[in-house]
file start06.csv (CSV, C-alpha atoms)
chain,number,residue,atom,x,y,z
A,715,MET,CA,-23.5,-15.9,10.4
A,716,PHE,CA,-19.7,-15.7,10.5
A,717,VAL,CA,-19.5,-19.4,11.3
A,718,ILE,CA,-21.5,-20.3,8.1
A,719,PHE,CA,-19.2,-18.1,6.0
A,720,SER,CA,-16.2,-19.7,7.6
A,721,VAL,CA,-17.5,-23.2,6.7
A,722,PHE,CA,-18.1,-22.2,3.1
A,723,TYR,CA,-14.7,-20.6,3.0
A,724,ILE,CA,-12.9,-23.8,4.0
A,725,LEU,CA,-15.0,-25.9,1.6
A,726,ILE,CA,-14.3,-23.6,-1.3
A,727,ALA,CA,-10.6,-23.6,-0.5
A,728,ALA,CA,-10.5,-27.4,-0.3
A,729,ALA,CA,-12.4,-27.8,-3.6
A,730,MET,CA,-10.1,-25.3,-5.3
A,731,ILE,CA,-7.0,-27.3,-4.2
A,732,VAL,CA,-8.5,-30.6,-5.5
A,733,LEU,CA,-9.5,-29.0,-8.9
A,734,ILE,CA,-6.1,-27.4,-9.3
A,735,LEU,CA,-4.2,-30.6,-8.6
A,736,MET,CA,-6.5,-32.6,-11.1
A,737,GLN,CA,-5.7,-30.3,-14.0
A,738,ARG,CA,-2.9,-31.0,-16.4
A,739,GLY,CA,-0.2,-28.3,-16.6
A,740,ALA,CA,0.5,-26.2,-19.7
A,741,GLY,CA,4.0,-27.7,-20.1
A,742,ALA,CA,2.6,-31.2,-20.4
A,743,ASP,CA,2.0,-30.8,-24.1
A,744,ALA,CA,5.3,-29.0,-24.8
A,745,GLY,CA,6.8,-32.0,-26.7
A,746,SER,CA,3.8,-32.3,-29.1
A,747,GLY,CA,4.0,-28.6,-29.7
A,748,PHE,CA,7.3,-28.8,-31.4
A,749,GLY,CA,6.7,-31.8,-33.6
A,750,GLY,CA,2.9,-32.2,-33.8
A,751,GLY,CA,2.2,-29.4,-36.1
A,752,ALA,CA,-1.3,-29.1,-34.6
A,753,SER,CA,-0.6,-25.7,-33.1
A,754,ALA,CA,1.2,-22.5,-33.7
A,755,THR,CA,2.2,-21.9,-30.1
A,756,VAL,CA,5.0,-23.6,-28.2
A,757,PHE,CA,2.8,-25.1,-25.4
A,758,GLY,CA,0.0,-26.4,-27.6
A,759,ALA,CA,-3.4,-25.0,-28.7
A,760,ARG,CA,-5.6,-23.6,-26.0
A,761,GLY,CA,-9.1,-24.0,-27.4
A,762,SER,CA,-12.1,-23.5,-25.3
A,763,ALA,CA,-11.6,-23.9,-21.5
A,764,SER,CA,-12.4,-27.3,-20.0
A,765,PHE,CA,-14.8,-27.9,-17.2
A,766,LEU,CA,-12.0,-28.0,-14.6
A,767,THR,CA,-10.6,-24.7,-15.7
A,768,ARG,CA,-14.0,-23.0,-15.6
A,769,ALA,CA,-14.9,-24.5,-12.2
A,770,THR,CA,-11.5,-23.4,-10.8
A,771,ALA,CA,-12.1,-19.8,-12.1
A,772,VAL,CA,-15.6,-19.8,-10.5
A,773,LEU,CA,-14.3,-21.1,-7.2
A,774,ALA,CA,-11.4,-18.7,-7.2
A,775,THR,CA,-13.9,-15.8,-7.7
A,776,LEU,CA,-16.1,-17.0,-4.9
A,777,PHE,CA,-13.0,-17.4,-2.6
A,778,PHE,CA,-11.9,-13.9,-3.4
A,779,LEU,CA,-15.3,-12.4,-2.8
A,780,LEU,CA,-15.8,-14.3,0.4
A,781,SER,CA,-12.4,-13.2,1.7
A,782,LEU,CA,-13.3,-9.6,0.9
A,783,GLY,CA,-16.7,-9.9,2.5
A,784,MET,CA,-15.4,-11.5,5.7
A,785,GLY,CA,-12.7,-8.9,6.0
A,786,ILE,CA,-15.2,-6.1,5.8
A,787,TYR,CA,-17.6,-7.8,8.2
A,788,LEU,CA,-14.8,-8.3,10.8
A,789,SER,CA,-13.6,-4.8,10.5
A,790,ARG,CA,-17.1,-3.5,11.4
A,791,ASN,CA,-18.3,-6.2,13.8
A,792,GLY,CA,-15.1,-7.7,15.1
A,793,ALA,CA,-13.6,-7.3,18.5
A,794,PRO,CA,-14.2,-3.8,20.1
A,795,GLN,CA,-11.4,-1.4,19.5
A,796,VAL,CA,-9.6,0.3,22.4
A,797,GLU,CA,-9.5,4.0,22.1
A,798,GLN,CA,-6.2,4.5,23.9
A,799,ALA,CA,-2.9,3.7,22.5
A,800,ASP,CA,-2.0,0.0,23.1
A,801,LEU,CA,1.7,-0.4,23.9
A,802,GLY,CA,1.5,-4.2,24.0
A,803,VAL,CA,4.2,-5.7,26.3
A,804,MET,CA,5.5,-2.3,27.2
A,805,SER,CA,2.1,-1.1,28.6
A,806,GLY,CA,2.9,-2.3,32.1
A,807,LEU,CA,6.1,-0.2,32.2
A,808,ALA,CA,4.2,3.0,31.7
A,809,LYS,CA,2.4,2.7,35.0
A,810,LYS,CA,5.3,1.7,37.2
A,811,PRO,CA,7.9,4.3,38.4
A,812,ALA,CA,11.5,3.5,37.6
A,813,PRO,CA,13.6,2.1,40.4
A,814,ALA,CA,16.2,4.3,42.0
A,815,GLN,CA,19.6,3.8,40.4
A,816,ASN,CA,21.8,4.6,43.4
A,817,ALA,CA,20.0,2.5,46.0
A,818,GLN,CA,22.1,1.6,49.1
A,819,PRO,CA,22.7,-2.1,49.7
A,820,ALA,CA,20.8,-3.7,52.5
A,821,ALA,CA,22.4,-3.8,55.9
A,822,PRO,CA,23.9,-7.2,56.8
A,823,ALA,CA,21.7,-9.4,59.0
A,824,LYS,CA,22.7,-9.8,62.6
A,825,SER,CA,24.0,-13.2,63.5
A,826,ASN,CA,22.0,-15.5,65.6
A,827,GLY,CA,23.0,-18.4,67.7
A,828,ASP,CA,22.5,-21.0,64.9
A,829,VAL,CA,25.5,-19.7,62.9
A,830,PRO,CA,28.9,-20.9,64.2
A,831,GLN,CA,31.4,-18.1,64.9
A,832,ALA,CA,35.1,-18.1,64.4
A,833,PRO,CA,37.2,-17.9,67.6
A,834,THR,CA,38.5,-14.4,68.4
A,835,LYS,CA,41.8,-15.5,69.9
A,836,SER,CA,44.0,-18.0,68.2
A,837,ASN,CA,47.3,-19.5,69.1
A,838,SER,CA,48.0,-20.8,65.7
A,839,ASP,CA,50.1,-19.4,62.9
A,840,VAL,CA,47.1,-18.7,60.7
A,841,PRO,CA,46.1,-15.0,60.9
A,842,THR,CA,42.6,-14.1,61.9
A,843,ALA,CA,40.5,-11.9,59.8
A,844,GLY,CA,41.4,-8.2,60.4
A,845,ALA,CA,44.7,-8.9,62.1
A,846,PRO,CA,48.0,-8.5,60.2
A,847,ALA,CA,49.9,-11.7,59.5
A,848,LYS,CA,53.0,-12.5,61.6
A,849,SER,CA,56.1,-12.7,59.6
A,850,ASP,CA,59.0,-14.9,60.4
A,851,VAL,CA,61.2,-13.1,58.0
A,852,PRO,CA,63.4,-10.5,59.7
A,853,ALA,CA,62.7,-6.8,58.8
A,854,PRO,CA,65.1,-5.2,56.4
A,855,ALA,CA,67.8,-3.0,57.8
A,856,GLY,CA,66.8,0.5,58.3
A,857,SER,CA,63.1,-0.1,58.8
A,858,THR,CA,61.3,0.9,62.0
A,859,LYS,CA,59.3,-2.0,62.9
call {"tool": "encode", "arguments": {"input": "start06.csv", "output": "structure tokens"}}
result
Amino acid sequence: MFVIFSVFYILIAAAMIVLILMQRGAGADAGSGFGGGASATVFGARGSASFLTRATAVLATLFFLLSLGMGIYLSRNGAPQVEQADLGVMSGLAKKPAPAQNAQPAAPAKSNGDVPQAPTKSNSDVPTAGAPAKSDVPAPAGSTK
């Protein structure tokens, strides 16, 4: 039933567009209104409505009534309404607990044999990690080093 109304709705809309584009605008006779003397109005005399005007009015009325009828039909027979409040995108957050804010970082992984290790003893001038660097500069006078 709704599909039939949808087809009529689209056909009426297309016919209305064609009829509106075929009509001549009210401003088209503006030049003759000033010098023609045939009318008392600026935009020309508007006698009885033409066929295109009446057909457009009928199609517009049908379009309006069909829109109203389809809206009422869908409000009663459309998709079932969910009784609980729908939070949309945020609905998934209501079910999950919040993560702890002061979580401790994970313990570092123990090294295995595949990872190369730095030598512990070094005879070079480059200090190793954790050992203070050797200084070739003599200590200032009065320091206890």
call {"tool": "atom_distance", "arguments": {"input": "start06.csv", "atom1": "CA of Leu773 in chain A", "atom2": "CA of Leu733 in chain A"}}
result
9.4 Å
call {"tool": "residues_around", "arguments": {"input": "start06.csv", "residues": "Leu779 in chain A", "least_positions_apart": "6", "cutoff": "12 Å", "atoms": "only C-alpha atoms", "output": "PyMOL selection string"}}
result
chain A and resi 719+722-723+726+772-773+785-786
call {"tool": "residues_around", "arguments": {"input": "start06.csv", "residues": "Ser764 in chain A", "least_positions_apart": "3", "cutoff": "12 Å", "atoms": "all atoms listed in the file", "output": "JSON, numbers by chain"}}
result
{"A": [733, 736, 737, 738, 760, 761, 767, 768, 769, 770, 771]}
call {"tool": "write_last_selection", "arguments": {"input": "start06.csv", "atoms": "C-alpha atoms", "output": "JSON list (two decimals), in the frame of the given file"}}
result
[["chain", "number", "residue", "atom", "x", "y", "z"],
["A", 733, "LEU", "CA", -9.50, -29.00, -8.90],
["A", 736, "MET", "CA", -6.50, -32.60, -11.10],
["A", 737, "GLN", "CA", -5.70, -30.30, -14.00],
["A", 738, "ARG", "CA", -2.90, -31.00, -16.40],
["A", 760, "ARG", "CA", -5.60, -23.60, -26.00],
["A", 761, "GLY", "CA", -9.10, -24.00, -27.40],
["A", 767, "THR", "CA", -10.60, -24.70, -15.70],
["A", 768, "ARG", "CA", -14.00, -23.00, -15.60],
["A", 769, "ALA", "CA", -14.90, -24.50, -12.20],
["A", 770, "THR", "CA", -11.50, -23.40, -10.80],
["A", 771, "ALA", "CA", -12.10, -19.80, -12.10]]
call {"tool": "atom_distance", "arguments": {"input": "start06.csv", "atom1": "CA of Leu776 in chain A", "atom2": "CA of Ala729 in chain A"}}
result
11.5 Å
call {"tool": "closest_residue", "arguments": {"input": "start06.csv", "among": "A:Leu766, A:Ala793, A:Met784, A:Ala774", "to": "Leu725 in chain A", "atoms": "all atoms listed in the file"}}
result
A:Ala774
call {"tool": "closest_residue", "arguments": {"input": "start06.csv", "among": "A:Met715, A:Ala763, A:Ile724, A:Ile731", "to": "Ser781 in chain A", "atoms": "all atoms listed in the file"}}
result
A:Ile724
call {"tool": "atom_distance", "arguments": {"input": "start06.csv", "atom1": "CA of Gly792 in chain A", "atom2": "CA of Ala727 in chain A"}}
result
22.7 Å
